[in-house]
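The file final.pdb comes next; it holds PDB, C-alpha atoms and all ligand atoms.
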```pdb
MODEL        1
ATOM      1  CA  MET A   1     -11.528  -5.635  23.085
ATOM      2  CA  ASN A   2      -8.719  -3.264  22.404
ATOM      3  CA  SER A   3      -8.681  -3.163  18.640
ATOM      4  CA  PRO A   4      -5.614  -1.625  16.978
ATOM      5  CA  VAL A   5      -7.187  -0.654  13.690
ATOM      6  CA  THR A   6     -10.918  -1.037  13.588
ATOM      7  CA  SER A   7     -11.654  -0.419   9.948
ATOM      8  CA  THR A   8      -9.842  -1.291   6.760
ATOM      9  CA  SER A   9     -12.039   0.898   4.605
ATOM     10  CA  GLY A  10      -9.752   3.903   4.733
ATOM     11  CA  SER A  11     -11.147   7.283   3.976
ATOM     12  CA  THR A  12      -9.575  10.563   3.132
ATOM     13  CA  THR A  13     -12.258  12.449   5.004
ATOM     14  CA  SER A  14     -11.731  11.002   8.486
ATOM     15  CA  ARG A  15      -8.306  12.384   9.145
ATOM     16  CA  SER A  16      -6.561  11.874  12.436
ATOM     17  CA  GLN A  17      -6.660  14.379  15.216
ATOM     18  CA  GLN A  18      -3.003  15.132  15.656
ATOM     19  CA  PRO A  19      -1.665  14.655  19.157
ATOM     20  CA  ALA A  20      -0.601  17.919  20.719
ATOM     21  CA  THR A  21       3.073  17.017  20.557
ATOM     22  CA  ALA A  22       2.968  16.301  16.833
ATOM     23  CA  ALA A  23       0.967  19.417  16.088
ATOM     24  CA  ALA A  24       3.406  21.531  18.056
ATOM     25  CA  ILE A  25       6.468  20.849  15.963
ATOM     26  CA  GLY A  26       7.409  22.359  12.696
ATOM     27  CA  HIS A  27       8.342  20.129   9.795
ATOM     28  CA  GLY A  28      11.261  20.438   7.432
ATOM     29  CA  THR A  29      12.958  22.615   9.969
ATOM     30  CA  PRO A  30      16.255  21.200  11.146
ATOM     31  CA  GLY A  31      16.971  22.543  14.576
ATOM     32  CA  GLY A  32      13.426  21.840  15.749
ATOM     33  CA  ASP A  33      12.658  19.692  18.749
ATOM     34  CA  SER A  34      14.553  16.428  18.335
ATOM     35  CA  ARG A  35      12.555  14.818  21.138
ATOM     36  CA  THR A  36       9.398  14.825  19.082
ATOM     37  CA  ALA A  37      10.626  13.972  15.564
ATOM     38  CA  ALA A  38      10.422  10.218  14.970
ATOM     39  CA  ALA A  39      12.928  10.513  12.148
ATOM     40  CA  ARG A  40      14.955  13.367  10.766
ATOM     41  CA  ALA A  41      17.370  14.055   7.939
ATOM     42  CA  ILE A  42      19.619  17.111   8.130
ATOM     43  CA  HIS A  43      21.570  18.166   5.026
ATOM     44  CA  VAL A  44      21.639  14.606   3.754
ATOM     45  CA  SER A  45      23.313  13.853   0.447
ATOM     46  CA  LYS A  46      23.821  10.486  -1.171
ATOM     47  CA  ILE A  47      26.233   9.956  -4.026
ATOM     48  CA  TYR A  48      26.474   6.681  -5.922
ATOM     49  CA  GLY A  49      29.536   5.784  -7.957
ATOM     50  CA  SER A  50      32.345   8.140  -8.904
ATOM     51  CA  GLY A  51      33.722  10.073 -11.873
ATOM     52  CA  ASP A  52      31.615   9.979 -15.033
ATOM     53  CA  THR A  53      29.098   7.538 -13.594
ATOM     54  CA  GLN A  54      28.522   9.512 -10.411
ATOM     55  CA  VAL A  55      24.893  10.009  -9.437
ATOM     56  CA  ARG A  56      23.775  12.470  -6.774
ATOM     57  CA  ALA A  57      20.662  10.598  -5.637
ATOM     58  CA  LEU A  58      20.027  12.923  -2.666
ATOM     59  CA  ASP A  59      21.103  16.547  -2.754
ATOM     60  CA  ASP A  60      21.158  18.293   0.631
ATOM     61  CA  ILE A  61      17.851  17.052   2.024
ATOM     62  CA  SER A  62      16.524  18.275   5.374
ATOM     63  CA  VAL A  63      13.200  16.941   6.587
ATOM     64  CA  ASP A  64      11.463  15.960   9.838
ATOM     65  CA  PHE A  65       8.887  13.236  10.309
ATOM     66  CA  ALA A  66       6.734  14.033  13.322
ATOM     67  CA  ARG A  67       5.607  11.315  15.701
ATOM     68  CA  GLY A  68       2.086  10.107  15.172
ATOM     69  CA  GLU A  69       1.955  11.350  11.612
ATOM     70  CA  PHE A  70       1.482   9.584   8.297
ATOM     71  CA  THR A  71       3.728  10.926   5.553
ATOM     72  CA  ALA A  72       3.857   9.921   1.895
ATOM     73  CA  ILE A  73       6.997  10.615  -0.136
ATOM     74  CA  MET A  74       6.292  11.151  -3.815
ATOM     75  CA  GLY A  75       8.208  12.174  -6.907
ATOM     76  CA  PRO A  76       9.089  11.067 -10.417
ATOM     77  CA  SER A  77      10.911   7.788 -10.951
ATOM     78  CA  GLY A  78      14.581   8.188 -10.074
ATOM     79  CA  SER A  79      13.990  11.276  -7.902
ATOM     80  CA  GLY A  80      15.559   9.598  -4.846
ATOM     81  CA  LYS A  81      12.513   8.366  -2.918
ATOM     82  CA  SER A  82      13.855   4.887  -2.182
ATOM     83  CA  THR A  83      17.313   6.239  -1.442
ATOM     84  CA  LEU A  84      15.905   8.706   1.094
ATOM     85  CA  MET A  85      13.840   6.001   2.766
ATOM     86  CA  HIS A  86      16.788   3.600   2.862
ATOM     87  CA  CYS A  87      19.007   6.254   4.459
ATOM     88  CA  LEU A  88      16.298   7.119   7.029
ATOM     89  CA  ALA A  89      15.704   3.458   7.873
ATOM     90  CA  GLY A  90      19.351   2.529   8.280
ATOM     91  CA  LEU A  91      19.363   0.307   5.192
ATOM     92  CA  ASP A  92      21.931   2.492   3.437
ATOM     93  CA  ASN A  93      24.474   5.086   4.546
ATOM     94  CA  ALA A  94      24.192   8.750   3.653
ATOM     95  CA  SER A  95      27.292  10.232   1.977
ATOM     96  CA  ALA A  96      26.926  13.434   3.998
ATOM     97  CA  GLY A  97      24.643  14.888   6.630
ATOM     98  CA  SER A  98      22.871  13.548   9.678
ATOM     99  CA  VAL A  99      20.042  11.029  10.041
ATOM    100  CA  THR A 100      18.312  10.396  13.347
ATOM    101  CA  ILE A 101      15.694   7.936  14.539
ATOM    102  CA  GLY A 102      14.372   9.414  17.770
ATOM    103  CA  ASP A 103      17.497  10.650  19.519
ATOM    104  CA  THR A 104      19.817   8.134  17.852
ATOM    105  CA  GLU A 105      22.228   9.393  15.211
ATOM    106  CA  LEU A 106      22.577   6.769  12.472
ATOM    107  CA  VAL A 107      25.711   8.176  10.863
ATOM    108  CA  GLY A 108      28.674   6.430  12.406
ATOM    109  CA  LEU A 109      26.634   3.656  13.988
ATOM    110  CA  SER A 110      28.348   0.266  13.787
ATOM    111  CA  ASP A 111      26.786  -2.423  11.575
ATOM    112  CA  LYS A 112      25.853  -4.335  14.690
ATOM    113  CA  ASN A 113      24.084  -1.413  16.328
ATOM    114  CA  MET A 114      22.408  -0.500  13.033
ATOM    115  CA  THR A 115      21.025  -4.045  12.735
ATOM    116  CA  LYS A 116      19.794  -3.864  16.297
ATOM    117  CA  LEU A 117      18.165  -0.468  15.721
ATOM    118  CA  ARG A 118      16.363  -1.716  12.600
ATOM    119  CA  ARG A 119      15.234  -4.831  14.424
ATOM    120  CA  ASP A 120      14.097  -3.216  17.664
ATOM    121  CA  ARG A 121      12.772   0.168  16.627
ATOM    122  CA  ILE A 122      11.675   0.106  12.983
ATOM    123  CA  GLY A 123       8.922  -1.733  11.105
ATOM    124  CA  PHE A 124       9.184  -2.373   7.372
ATOM    125  CA  VAL A 125       6.603  -2.972   4.656
ATOM    126  CA  PHE A 126       8.101  -3.475   1.198
ATOM    127  CA  GLN A 127       6.584  -3.648  -2.268
ATOM    128  CA  SER A 128       7.654  -7.271  -2.607
ATOM    129  CA  PHE A 129       6.124  -8.215   0.791
ATOM    130  CA  ASN A 130       9.457  -9.790   1.870
ATOM    131  CA  LEU A 131       7.894 -12.737   3.654
ATOM    132  CA  VAL A 132       9.898 -15.890   4.313
ATOM    133  CA  PRO A 133       8.345 -18.478   1.938
ATOM    134  CA  THR A 134       8.987 -21.476   4.189
ATOM    135  CA  LEU A 135       7.332 -19.908   7.233
ATOM    136  CA  THR A 136       3.604 -19.671   7.964
ATOM    137  CA  ALA A 137       1.842 -16.334   8.274
ATOM    138  CA  ILE A 138       2.021 -16.331  12.074
ATOM    139  CA  GLU A 139       5.695 -17.349  12.004
ATOM    140  CA  ASN A 140       6.391 -14.490   9.603
ATOM    141  CA  ILE A 141       4.488 -12.032  11.809
ATOM    142  CA  THR A 142       6.459 -12.925  14.937
ATOM    143  CA  LEU A 143       9.820 -13.515  13.198
ATOM    144  CA  PRO A 144      11.381 -10.125  14.038
ATOM    145  CA  MET A 145      10.457 -10.541  17.710
ATOM    146  CA  ASP A 146      11.641 -14.159  17.687
ATOM    147  CA  ILE A 147      14.992 -13.059  16.302
ATOM    148  CA  ALA A 148      15.202 -10.316  18.910
ATOM    149  CA  GLY A 149      14.365 -12.873  21.613
ATOM    150  CA  ARG A 150      11.344 -10.871  22.689
ATOM    151  CA  ASN A 151       7.976 -12.282  23.623
ATOM    152  CA  PRO A 152       5.122 -10.760  21.696
ATOM    153  CA  ASN A 153       2.432  -9.046  23.723
ATOM    154  CA  ARG A 154      -0.149 -11.786  23.182
ATOM    155  CA  GLN A 155      -3.197  -9.578  23.551
ATOM    156  CA  TRP A 156      -1.789  -6.991  21.198
ATOM    157  CA  LEU A 157      -0.789  -9.622  18.649
ATOM    158  CA  ASP A 158      -4.280 -11.146  18.774
ATOM    159  CA  SER A 159      -5.942  -7.813  18.167
ATOM    160  CA  VAL A 160      -3.619  -7.022  15.238
ATOM    161  CA  ILE A 161      -4.370 -10.424  13.679
ATOM    162  CA  ASP A 162      -8.121 -10.076  14.109
ATOM    163  CA  THR A 163      -8.301  -6.522  12.893
ATOM    164  CA  LEU A 164      -6.281  -7.308   9.793
ATOM    165  CA  GLY A 165      -8.560 -10.291   9.124
ATOM    166  CA  LEU A 166      -5.760 -12.848   9.258
ATOM    167  CA  ARG A 167      -7.105 -15.210  11.923
ATOM    168  CA  ASP A 168      -8.027 -17.990   9.488
ATOM    169  CA  ARG A 169      -4.835 -17.602   7.435
ATOM    170  CA  LEU A 170      -2.247 -17.961  10.191
ATOM    171  CA  SER A 171      -1.086 -21.477   9.254
ATOM    172  CA  HIS A 172      -0.824 -20.663   5.536
ATOM    173  CA  ARG A 173       2.501 -20.090   3.817
ATOM    174  CA  PRO A 174       2.905 -16.969   1.646
ATOM    175  CA  SER A 175       2.414 -18.969  -1.601
ATOM    176  CA  GLU A 176      -1.042 -19.947  -0.307
ATOM    177  CA  LEU A 177      -2.068 -16.313   0.205
ATOM    178  CA  SER A 178      -3.214 -13.622  -2.232
ATOM    179  CA  GLY A 179      -1.063 -10.538  -2.738
ATOM    180  CA  GLY A 180      -3.373  -8.487  -0.548
ATOM    181  CA  GLN A 181      -3.253 -11.113   2.203
ATOM    182  CA  GLN A 182       0.544 -11.311   1.987
ATOM    183  CA  GLN A 183       0.789  -7.543   2.388
ATOM    184  CA  ARG A 184      -1.609  -7.670   5.333
ATOM    185  CA  VAL A 185       0.749 -10.226   6.908
ATOM    186  CA  ALA A 186       3.628  -7.834   6.268
ATOM    187  CA  CYS A 187       1.618  -5.003   7.900
ATOM    188  CA  ALA A 188       0.854  -7.248  10.878
ATOM    189  CA  ARG A 189       4.566  -8.063  11.163
ATOM    190  CA  ALA A 190       5.410  -4.349  11.162
ATOM    191  CA  LEU A 191       2.671  -3.437  13.666
ATOM    192  CA  ALA A 192       3.161  -6.420  15.993
ATOM    193  CA  SER A 193       6.174  -5.036  17.828
ATOM    194  CA  GLN A 194       4.778  -1.476  18.019
ATOM    195  CA  PRO A 195       7.918   0.055  16.503
ATOM    196  CA  GLU A 196       8.798   3.737  16.801
ATOM    197  CA  ILE A 197       8.301   4.162  13.081
ATOM    198  CA  ILE A 198       7.095   2.093  10.138
ATOM    199  CA  PHE A 199       8.684   2.618   6.722
ATOM    200  CA  GLY A 200       7.054   1.377   3.542
ATOM    201  CA  ASP A 201       8.599   1.513   0.064
ATOM    202  CA  GLU A 202       5.715   1.286  -2.418
ATOM    203  CA  PRO A 203       3.739  -0.947  -0.024
ATOM    204  CA  THR A 204       0.818  -1.063  -2.467
ATOM    205  CA  GLY A 205       2.964  -1.288  -5.607
ATOM    206  CA  ASN A 206       2.004  -4.896  -6.333
ATOM    207  CA  LEU A 207      -1.628  -4.751  -5.241
ATOM    208  CA  ASP A 208      -4.920  -4.234  -7.049
ATOM    209  CA  SER A 209      -6.868  -1.137  -6.073
ATOM    210  CA  ARG A 210      -9.091  -2.917  -3.554
ATOM    211  CA  SER A 211      -6.182  -4.546  -1.678
ATOM    212  CA  SER A 212      -4.256  -1.308  -1.977
ATOM    213  CA  GLY A 213      -7.115   0.551  -0.268
ATOM    214  CA  GLU A 214      -7.206  -2.087   2.472
ATOM    215  CA  VAL A 215      -3.497  -1.820   3.193
ATOM    216  CA  MET A 216      -3.560   1.979   3.179
ATOM    217  CA  GLY A 217      -6.593   1.883   5.480
ATOM    218  CA  ILE A 218      -4.682  -0.337   7.901
ATOM    219  CA  LEU A 219      -1.708   2.032   7.947
ATOM    220  CA  ARG A 220      -4.015   5.084   8.209
ATOM    221  CA  ASN A 221      -5.834   3.645  11.197
ATOM    222  CA  SER A 222      -2.622   2.606  12.910
ATOM    223  CA  VAL A 223      -1.698   6.299  12.852
ATOM    224  CA  THR A 224      -5.137   7.676  13.746
ATOM    225  CA  GLN A 225      -5.912   5.233  16.527
ATOM    226  CA  LEU A 226      -2.494   4.189  17.849
ATOM    227  CA  HIS A 227      -0.442   7.258  17.008
ATOM    228  CA  GLN A 228       1.889   4.965  15.096
ATOM    229  CA  THR A 229       4.329   6.929  12.907
ATOM    230  CA  VAL A 230       4.294   5.861   9.261
ATOM    231  CA  VAL A 231       6.370   7.024   6.294
ATOM    232  CA  ILE A 232       5.737   5.503   2.883
ATOM    233  CA  VAL A 233       7.018   5.992  -0.633
ATOM    234  CA  THR A 234       4.312   5.780  -3.272
ATOM    235  CA  HIS A 235       3.654   6.893  -6.827
ATOM    236  CA  ASP A 236      -0.099   6.431  -6.430
ATOM    237  CA  PRO A 237      -2.039   9.655  -5.666
ATOM    238  CA  ARG A 238      -4.913   7.616  -4.241
ATOM    239  CA  ALA A 239      -2.553   5.904  -1.788
ATOM    240  CA  ALA A 240      -0.949   9.242  -0.916
ATOM    241  CA  SER A 241      -4.380  10.703  -0.086
ATOM    242  CA  TYR A 242      -4.470   8.518   3.054
ATOM    243  CA  ALA A 243      -1.487  10.431   4.463
ATOM    244  CA  ASP A 244      -1.484  13.566   6.625
ATOM    245  CA  ARG A 245       1.301  15.071   4.592
ATOM    246  CA  VAL A 246       2.974  14.527   1.240
ATOM    247  CA  VAL A 247       6.622  15.410   0.638
ATOM    248  CA  PHE A 248       7.559  15.824  -3.037
ATOM    249  CA  LEU A 249      11.023  14.979  -4.336
ATOM    250  CA  ALA A 250      12.570  15.859  -7.677
ATOM    251  CA  ASP A 251      16.194  15.301  -8.659
ATOM    252  CA  GLY A 252      17.192  14.381  -5.130
ATOM    253  CA  ARG A 253      15.719  17.499  -3.549
ATOM    254  CA  ILE A 254      12.554  18.271  -1.636
ATOM    255  CA  VAL A 255      10.654  20.607  -3.909
ATOM    256  CA  ASP A 256       7.293  20.866  -2.205
ATOM    257  CA  GLU A 257       4.985  19.502   0.424
ATOM    258  CA  MET A 258       1.267  19.356   1.027
ATOM    259  CA  ARG A 259      -0.971  18.791   4.028
ATOM    260  CA  ALA A 260      -4.392  17.117   3.944
ATOM    261  CA  PRO A 261      -3.766  15.773   0.444
ATOM    262  CA  THR A 262      -6.518  14.541  -1.838
ATOM    263  CA  ALA A 263      -5.925  12.231  -4.801
ATOM    264  CA  ALA A 264      -6.801  15.111  -7.124
ATOM    265  CA  SER A 265      -4.503  17.676  -5.518
ATOM    266  CA  VAL A 266      -1.622  15.185  -5.439
ATOM    267  CA  LEU A 267      -2.172  14.176  -9.063
ATOM    268  CA  ASP A 268      -2.147  17.815 -10.049
ATOM    269  CA  ARG A 269       1.143  18.457  -8.272
ATOM    270  CA  MET A 270       2.735  15.316  -9.713
ATOM    271  CA  LYS A 271       1.815  16.393 -13.259
ATOM    272  CA  ASN A 272       3.648  19.660 -12.709
ATOM    273  CA  LEU A 273       6.713  17.875 -11.301
ATOM    274  CA  GLU A 274       6.872  15.386 -14.144
ATOM    275  CA  ALA A 275       6.485  18.145 -16.730
ATOM    276  CA  VAL A 276       9.639  19.896 -15.488
TER     277      VAL A 276
HETATM  278  N1  LIG R 301      22.836   1.285  -5.915
HETATM  279  C1  LIG R 301      22.845   2.295  -6.807
HETATM  280  N2  LIG R 301      23.924   2.534  -7.566
HETATM  281  C2  LIG R 301      23.940   3.559  -8.445
HETATM  282  N3  LIG R 301      22.925   4.408  -8.639
HETATM  283  C3  LIG R 301      21.815   4.217  -7.905
HETATM  284  C4  LIG R 301      21.707   3.152  -6.948
HETATM  285  N4  LIG R 301      20.482   3.210  -6.375
HETATM  286  C5  LIG R 301      19.851   4.254  -6.944
HETATM  287  N5  LIG R 301      20.650   4.870  -7.857
HETATM  288  C6  LIG R 301      20.308   6.071  -8.651
HETATM  289  O1  LIG R 301      19.925   7.096  -7.741
HETATM  290  C7  LIG R 301      18.822   7.829  -8.254
HETATM  291  C8  LIG R 301      17.656   7.737  -7.274
HETATM  292  O2  LIG R 301      17.196   6.386  -7.231
HETATM  293  P1  LIG R 301      15.978   5.917  -6.310
HETATM  294  O3  LIG R 301      16.174   6.431  -4.954
HETATM  295  O4  LIG R 301      15.849   4.449  -6.479
HETATM  296  O5  LIG R 301      14.760   6.675  -7.010
HETATM  297  P2  LIG R 301      13.183   6.455  -6.833
HETATM  298  O6  LIG R 301      12.948   5.531  -5.704
HETATM  299  O7  LIG R 301      12.631   7.829  -6.630
HETATM  300  O8  LIG R 301      12.711   5.904  -8.164
HETATM  301  C9  LIG R 301      18.522   7.245  -9.628
HETATM  302  O9  LIG R 301      19.183   8.009 -10.586
HETATM  303  C10 LIG R 301      19.107   5.862  -9.542
HETATM  304  O10 LIG R 301      19.477   5.401 -10.823
HETATM  305 MG    MG R 302      12.030   3.590  -5.621
ENDMDL
END
```
Write the structure described by the file as structure tokens, please.
Amino acid sequence: MNSPVTSTSGSTTSRSQQPATAAAIGHGTPGGDSRTAAARAIHVSKIYGSGDTQVRALDDISVDFARGEFTAIMGPSGSGKSTLMHCLAGLDNASAGSVTIGDTELVGLSDKNMTKLRRDRIGFVFQSFNLVPTLTAIENITLPMDIAGRNPNRQWLDSVIDTLGLRDRLSHRPSELSGGQQQRVACARALASQPEIIFGDEPTGNLDSRSSGEVMGILRNSVTQLHQTVVIVTHDPRAASYADRVVFLADGRIVDEMRAPTAASVLDRMKNLEAV
């Protein structure tokens, strides 16, 4: 059976072999090959409010997210992590600069086309799970495709459900599931349509460490085995250690990045950032 993600016991030692295309592109280098970046920000700024209350949440950010890579965005509270993710995912508009998903420029896209792009090309996993309380697990998993009027690939859907251990929970509503199970449903929903990129804002923020490890393992394996592209925001060094790359934000700017992160190396870097 074609299993999408065969193990949920994620490990920081079994890192993915990067596909040649992903390995070939530089990161953080606007002007690189736009055909291979799954998402890209070029000179993006985001300003909230005006006058005395003005906040520059993002200050001239340029960053690429290569296809088939798992990136964690980290930084102190208020550094702009959620804002960056929302601008990349078409949930908010940048004040200046360019944002692309694949070859599609998001700046200037109509609301209708933005909604369609989010629905058809992006998967989301949020801290608060964002499941519809009146729908069962399986209805939640297929909801985005139902709305889009697309038939799920049955075989694919089955393998996602089995691998995420949700087979015997499909008729349960979210209130009948644990937090870890709800987030696995949210992961299944994101993976089911095989989107170009999955964004997660603190996807393990409400989970205990065991469930957190499970969810990160699922995302890790979706990248390693399926070459899914995943970008998450997290403040947890252990969660970040599942990624291929960590991008560090402070005061709305990218201040550093790290490849092959470990929990210890990430923790170390975060201490320095928070001390500044
Ligand atoms: N809707 C908003 N209106 C005004 N200020 C905002 C809004 N959203 C975020 N901010 C401000 O922008 C900055 C970055 O916020 P955010 O991206 O949520 O940070 P993080 O996710 O890293 O904690 C913070 O100073 C925050 O207060
Ligand atoms: Mg945030």
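If you count all atoms listed in the file and ignore residues fewer than 3 places along the chain from Ser265 in chain A, what sits within 12 Å of it is A:Pro237, A:Arg238, A:Ala240, A:Ser241, A:Arg245, A:Val246, A:Glu257, A:Met258, A:Arg259, A:Ala260, A:Pro261, A:Thr262, A:Asp268, A:Arg269, A:Met270, A:Lys271, A:Asn272.
Between CA of Arg154 in chain A and CA of Gly68 in chain A the separation is 23.4 Å.
CA of Ile101 in chain A to CA of Ala37 in chain A spans 7.9 Å [interatomic distance, one decimal].
With only C-alpha atoms and all ligand atoms as the atoms that count, the set of residues no farther than 8 Å from ligand LIG 301 (chain R) is Ile47, Tyr48, Gly49, Gln54, Val55, Arg56, Ala57, Leu58, Met74, Gly75, Pro76, Ser77, Gly78, Ser79, Gly80, Lys81, Ser82, Thr83, Leu84, Val233, Leu249, Asp251 and Gly252 of chain A.
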Practice problem: Determine the nearest neighbour of ligand MG 302 (chain R) from the options A:Gly51, A:Gln127, A:Gln228, A:Ala239, counting all atoms listed in the file. | Solution: A:Gln127
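Within the file as shown, the PyMOL selection byres (((chain A and resi 100) around 9) and not hetatm) identifies Ser34, Ala37, Ala38, Ala39, Arg40, Ala41, Ile42, Leu88, Ser98, Val99, Ile101, Gly102, Asp103, Thr104, Glu105, Leu106 and Val107 of chain A.
From CA of Glu176 in chain A back to CA of Leu207 in chain A, the distance works out to 16.0 Å.
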Exercise. Might you pull out every residue within 10 Å of Ser212 in chain A, with all atoms listed in the file counted and same-chain residues fewer than 4 positions away left off, and present them as a count of residues only?
Key: 15
Exercise. Could you give me, as a PyMOL selection string, the residues that sit within 12 Å of (8.3, -0.7, 7.0) in the file's coordinates, counting all atoms listed in the file?
Key: chain A and resi 85-86+88-91+118-119+121-130+183+186-203+219+228-233
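With only C-alpha atoms and all ligand atoms as the atoms that count, the residue of A:Gly97, A:Asp59, A:Val255, A:Thr234 with the shortest distance to ligand MG 302 (chain R) is A:Thr234.
Nearest residue to Ser175 in chain A, choosing from A:Val132, A:Ala264, A:Ala275, A:Ile141 and counting all atoms listed in the file: A:Val132.
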Practice problem: Could you tell me which of A:Glu274, A:Leu109, A:His235, A:Glu69 comes closest to ligand MG 302 (chain R) if we count only C-alpha atoms and all ligand atoms? | Solution: A:His235
Quiz item: From the list A:Ile73, A:Ala243, A:Gln182, A:Ser45, which residue is nearest ligand MG 302 (chain R) when using all atoms listed in the file?
Solution: A:Ile73
Provide an axis-aligned box for all listed atoms of range 232-242 of chain A, padding each side by 5 Å; report its centre and its edge lengths in Å to one decimal, as JSON.
```
{"center_x": 1.1, "center_y": 8.1, "center_z": -1.9, "size_x": 21.9, "size_y": 15.2, "size_z": 19.9}
```
